[in-house]
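See below for the structure under consideration.
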Amino acid sequence: MNVKKNITPQKENFSEWYQDVVKEAELAENSEVRGCGIVRPYGYKIWELIKAELSRLIEETGVENVYFPIFIPMENLEAEKDHVEGFSPELAVVTHGGGEKLVNKLAVRPTSETSMYKTYAKWIQSYKDLPLRLNQWNNVVRWEKRPRPFLRWSEFLWQEGHTVFAKQAEAEAEMWQMLDVYEKTYQFMALPVMKGKKSEAEKFAGAVMTTTAEIMVKDGKAIQGGTSHYLGTNFAKVFDVTYLGDDGERHFCHQNSWGFSWRSVGAVIMAHGDDNGLRLPPNIAPIQIVIVPIYKDENKQEVIAYAEELKKELTPYRVKLDARDGMTPGFKFNHWEVKGVPVRLEIGQKEKDNNEITIFRRDNETKIKINRSELKNMIPELFKEIHISLYDQAKDFSEKHIHRIESIDEIKDQVGFFEASWCESKESEKLLKEKFSMVSRVLPFANMEKESKNKKCFITGAEAKHDWLFAKSY
RNA sequence: CGGGCUGUGGUAUAGUGGUAUUACGCACGAUUCGGGUUCGUGUAAUGGCGGUUCGAUUCCGCCCAGCCCGACCA
């Protein structure tokens with residue numbers, strides 16, 4: 001038997017494994033424009049399924065969708081000093097239009113704060129116009145130095161929410177609420193997240209506070225799965241976003257922005273995938289169930305007819321009957337395993353004769369036989385089990401790879417996240433970065449109100465404030 | 001942007017100063033079908049510009065592009 005392996009094992013080279021899976025599962029490929037990816041139908045469907053759930057959750061909180069232009073006048077971007085410093089190295093700028101040089105250059109949006117808030121200033125007059133809570137699904141461009149499929153392309157799809165409040169407390173409450181929405185979305189993908197606050201160095205350019213949902217993937221690195229920022233009145237002061245209060249006074253508004261991108265697809269691949277390819281939870285699987293008929297020439301009609309009947313029975317689900325000729329069942333098994341299809345039904349003469357179905361689960365690679373009559377009723381339960389199994393595997397992995405350390409030297413070449421008591425100084429974070437190319441990822445929510453376990457910072461020995469998580473990241 | 005590397009069919013590769021190799025893929029035809037069947041036939045390539053030369057895919061120079069490792073980021 002020739003066994004062809006087109007996927008590099010994870011342990012051999014994780015980065016190559018990732019690229020192999022993206023290619024072999026037909027999720028995406030590089031385009032002729034450096035840094036910009038082409039997302040293929042199978043990959044795009046995964047994103048659409050994630051997006052549908054997130055969109056539902058966002059709207060459930062009362063947020064409405066809008067659309068603002070892709071171009072932003074350069075002068076808008078330059079208005080907020082921290083913001084432009086944060087983004088200018090990665091801006092794409094339009095200098096010509098309609099065959100003529102533009103007097104006022106336009107930036108392709110890297111994010112829309114500076115595009116939307118001038119308009120917000122016009123819309124908001126009184127405290128009665130607040131809160132204003134809007135979201136847009138769009139593409140943004142950041143000229144990244146080192147692209148990676150889904151995780152860091154120069155152009156990417158995401159949603160960005162931009163909300164405005166009268167009071168700081170309301171804004172902060174919403175910032176956490178939206179972070180919870182992101183957590184729920186990741187739970188929908190069977191991924192556990194670590195929620196909390198970003199350090200001064202790692203926070204969003206122009207924000208007062210950045211909160212984040214961090215995900216650990218299988219090489220122990222972190223993926224920033226979504227961020228929710230409290231912008232304070234920083235942008236309000238620049239764009240004059242003010243309201244007249246019931247006290248008759250003019251006040252600056254408190255603003256938030258929050259974003260979640262198709263990077264999440266990369267997180268799913270890296271957190272759930274294995275050496276045989278992708279593993280998808282049923283919620284976001286473009287094909288939830290694949291039926292592979294096994295036949296010879298003599299019984300082909302009979303077996304396929306049986307398979308068709310089963311497909312019909314499973315109508316509410318996303319089902320594919322793979323009746324392609326000239327391919328062996330083994331080939332098809334592998335094909336759909338690479339693509340991460342959570343459930344496979346194997347249907348041959350034996351099943352037909354005994355009124356049975358052989359079910360293969362991608363999450364744990366087991367096969368079971370059931371009676372046909374059980375099929376329809378067991379699917380919801382099976383999906384749930386697969387979802388939980390994938391979630392638990394990811395959770396278990398994360399927990400096993402968080403190492404408590406008291407000194408920076410304990411990091412050595414260990415893989416994973418490191419929990420440590422930290423003084424929170426920018427200098428110490430810089431040191432950590434130089435030594436281990438690692439930065440703080442998050443101050444977990446649960447540790448925010450607690451004193452640090454160790455009184456001394458693991459880097460500087462100065463007074464520690466809280467217990468933070470540190471990791472290398474994508 | 002720094003460091004390293006590479007440009008040969010769709011993909012991955014071999015080789016050569018004079019007719020370009022192999023595998024996969026793809027097309028057609030058989031064969032096979034319970035874990036990546038087998039065979040036959042066909043298909044298709046030297047990144048660009050310049051130099052050396054009778055002749056360059058090969059040697060030289062420049063350009064362009066890509067990959068990997070760092071710094072930057074959803």
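Residue numbering restarts at 1 in every chain; chains get A, B, ... in the order shown in the structure tokens, and ligands count up from 1 in that same order.
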
(request) Within 8 Å of region 58-73 of chain B, counting only C-alpha atoms (C1' of nucleotides), which residues show up once you throw out same-chain ones fewer than 3 positions away? Write them as a PyMOL selection string, please. (result) (chain A and resi 144-145+152) or (chain B and resi 2-7+16-17+47-52)

(request) With a distance cut-off of 12 Å and only C-alpha atoms (C1' of nucleotides), select the neighbouring residues of region 165-175 of chain A, excluding the residue or stretch itself and same-chain residues fewer than 3 positions from it, and output the selection as a PyMOL selection string. (result) chain A and resi 58+61-63+120+124-134+161-162+178-182+195-197+207-212+226-233+236+241-246+250-259

(request) Extract the full set of strand (DSSP E or B) residues from region 168-374 of chain A according to DSSP on the backbone, and format it as a PyMOL selection string. (result) chain A and resi 194-197+209-216+222-232+242-244+250-252+254-261+274+277+289-293+319-321+343-347+356-361+366-371

(request) Give me the residues within 12 Å of G18 (chain B) as an MDAnalysis selection string, counting only C-alpha atoms (C1' of nucleotides) and dropping any in the same chain fewer than 6 places off. (result) chainID B and resid 54:56 58

Can you list, as a short mmCIF file (atom, residue, chain, number, x, y, z; two decimals) with N, CA and C atoms (P, O5', C5', C4', C3', O3' and C1' of nucleotides), in the first residue's frame, every protein, DNA or RNA residue that comes within 12 Å of U21 (chain B) when you count only C-alpha atoms (C1' of nucleotides), leaving out same-chain residues fewer than 4 positions away?
```
data_model
loop_
_atom_site.label_atom_id
_atom_site.label_comp_id
_atom_site.auth_asym_id
_atom_site.auth_seq_id
_atom_site.Cartn_x
_atom_site.Cartn_y
_atom_site.Cartn_z
P U B 8 11.34 27.55 -10.42
"O5'" U B 8 11.98 27.04 -11.78
"C5'" U B 8 11.69 27.69 -13.00
"C4'" U B 8 11.81 26.72 -14.12
"C3'" U B 8 10.83 25.56 -14.10
"O3'" U B 8 9.58 25.93 -14.65
"C1'" U B 8 13.00 24.72 -14.50
P U B 13 11.07 21.26 -4.40
"O5'" U B 13 11.65 19.91 -5.02
"C5'" U B 13 12.80 19.93 -5.82
"C4'" U B 13 12.90 18.64 -6.57
"C3'" U B 13 14.09 18.57 -7.51
"O3'" U B 13 15.24 18.11 -6.81
"C1'" U B 13 12.14 17.93 -8.68
P A B 14 16.65 18.75 -7.16
"O5'" A B 14 17.01 17.97 -8.50
"C5'" A B 14 17.18 16.56 -8.47
"C4'" A B 14 17.52 16.03 -9.84
"C3'" A B 14 18.66 16.69 -10.59
"O3'" A B 14 19.92 16.28 -10.09
"C1'" A B 14 16.88 16.18 -12.06
P G B 15 21.17 17.27 -10.19
"O5'" G B 15 21.44 17.32 -11.76
"C5'" G B 15 21.89 16.15 -12.44
"C4'" G B 15 21.82 16.39 -13.93
"C3'" G B 15 22.62 17.60 -14.42
"O3'" G B 15 23.98 17.26 -14.61
"C1'" G B 15 20.45 17.66 -15.36
P U B 16 25.07 18.44 -14.56
"O5'" U B 16 24.99 18.99 -16.06
"C5'" U B 16 25.38 18.15 -17.14
"C4'" U B 16 25.00 18.82 -18.44
"C3'" U B 16 25.52 20.24 -18.62
"O3'" U B 16 26.87 20.24 -19.05
"C1'" U B 16 23.24 20.18 -19.20
P A B 45 5.24 24.08 -22.30
"O5'" A B 45 6.00 24.30 -20.94
"C5'" A B 45 5.75 25.45 -20.14
"C4'" A B 45 6.77 25.55 -19.05
"C3'" A B 45 8.17 25.96 -19.50
"O3'" A B 45 8.27 27.38 -19.59
"C1'" A B 45 8.30 24.11 -18.06
#
```

Show which residues sit within 10 Å of Ser389 (chain A), as a tab-separated table (two decimals) with N, CA and C atoms, in the first residue's frame. Count only C-alpha atoms (C1' of nucleotides), and ignore same-chain residues fewer than 4 positions away.
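Saved result, part.tsv, follows:
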```
chain	number	residue	atom	x	y	z
A	190	ALA	N	-15.57	25.64	19.67
A	190	ALA	CA	-14.97	24.66	20.59
A	190	ALA	C	-13.57	25.07	21.04
A	281	PRO	N	-15.14	21.43	14.52
A	281	PRO	CA	-16.35	21.18	15.28
A	281	PRO	C	-17.56	21.32	14.36
A	363	ASP	N	-12.88	13.50	15.38
A	363	ASP	CA	-12.24	14.06	16.58
A	363	ASP	C	-11.42	13.04	17.34
A	364	ASN	N	-11.88	11.79	17.39
A	364	ASN	CA	-11.11	10.77	18.11
A	364	ASN	C	-10.79	9.55	17.25
A	383	PHE	N	-23.05	15.30	17.55
A	383	PHE	CA	-22.42	16.61	17.31
A	383	PHE	C	-22.00	17.25	18.63
A	384	LYS	N	-22.88	17.15	19.58
A	384	LYS	CA	-22.59	17.73	20.89
A	384	LYS	C	-21.37	17.07	21.52
A	385	GLU	N	-21.34	15.76	21.44
A	385	GLU	CA	-20.20	15.02	21.99
A	385	GLU	C	-18.89	15.41	21.32
A	393	GLN	N	-10.27	18.73	24.66
A	393	GLN	CA	-8.89	18.49	24.24
A	393	GLN	C	-8.10	19.79	24.20
A	394	ALA	N	-8.72	20.83	23.67
A	394	ALA	CA	-8.04	22.13	23.59
A	394	ALA	C	-7.82	22.71	24.98
A	395	LYS	N	-8.82	22.57	25.82
A	395	LYS	CA	-8.75	23.09	27.19
A	395	LYS	C	-7.65	22.38	27.97
```

(message) Distance cut-off 9 Å, counting only C-alpha atoms (C1' of nucleotides) - which residues of chain B neighbour chain A? Return them as JSON, numbers by chain.
(response) {"B": [1, 32, 33, 34, 35, 36, 37, 66, 72, 73, 74]}

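In this structure, CA of Asp275 (chain A) sits 7.8 Å away from CA of Trp17 (chain A).
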
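Checking A:Ile359, A:Glu24, A:Asp392, A:Lys198 one by one against Trp468 (chain A), counting only C-alpha atoms, you find the shortest gap at A:Lys198.
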
(message) Give me, as a PyMOL selection string, the residues of region 209-413 of chain A that a backbone DSSP run labels alpha helix (DSSP H).
(response) chain A and resi 234-239+263-272+300-313+329-338+349-354+375-400

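For Asn76 (chain A), the list of residues within 9 Å, based on only C-alpha atoms (C1' of nucleotides) and with local chain neighbours fewer than 6 positions off taken out, reads Thr114, Ser115, Lys118 and Phe239 of chain A.
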
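Our summary of the geometry notes that CA of Ile405 (chain A) is positioned 24.7 Å from CA of Lys11 (chain A).
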
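CA of Val141 (chain A) is found 15.8 Å from CA of Val39 (chain A).
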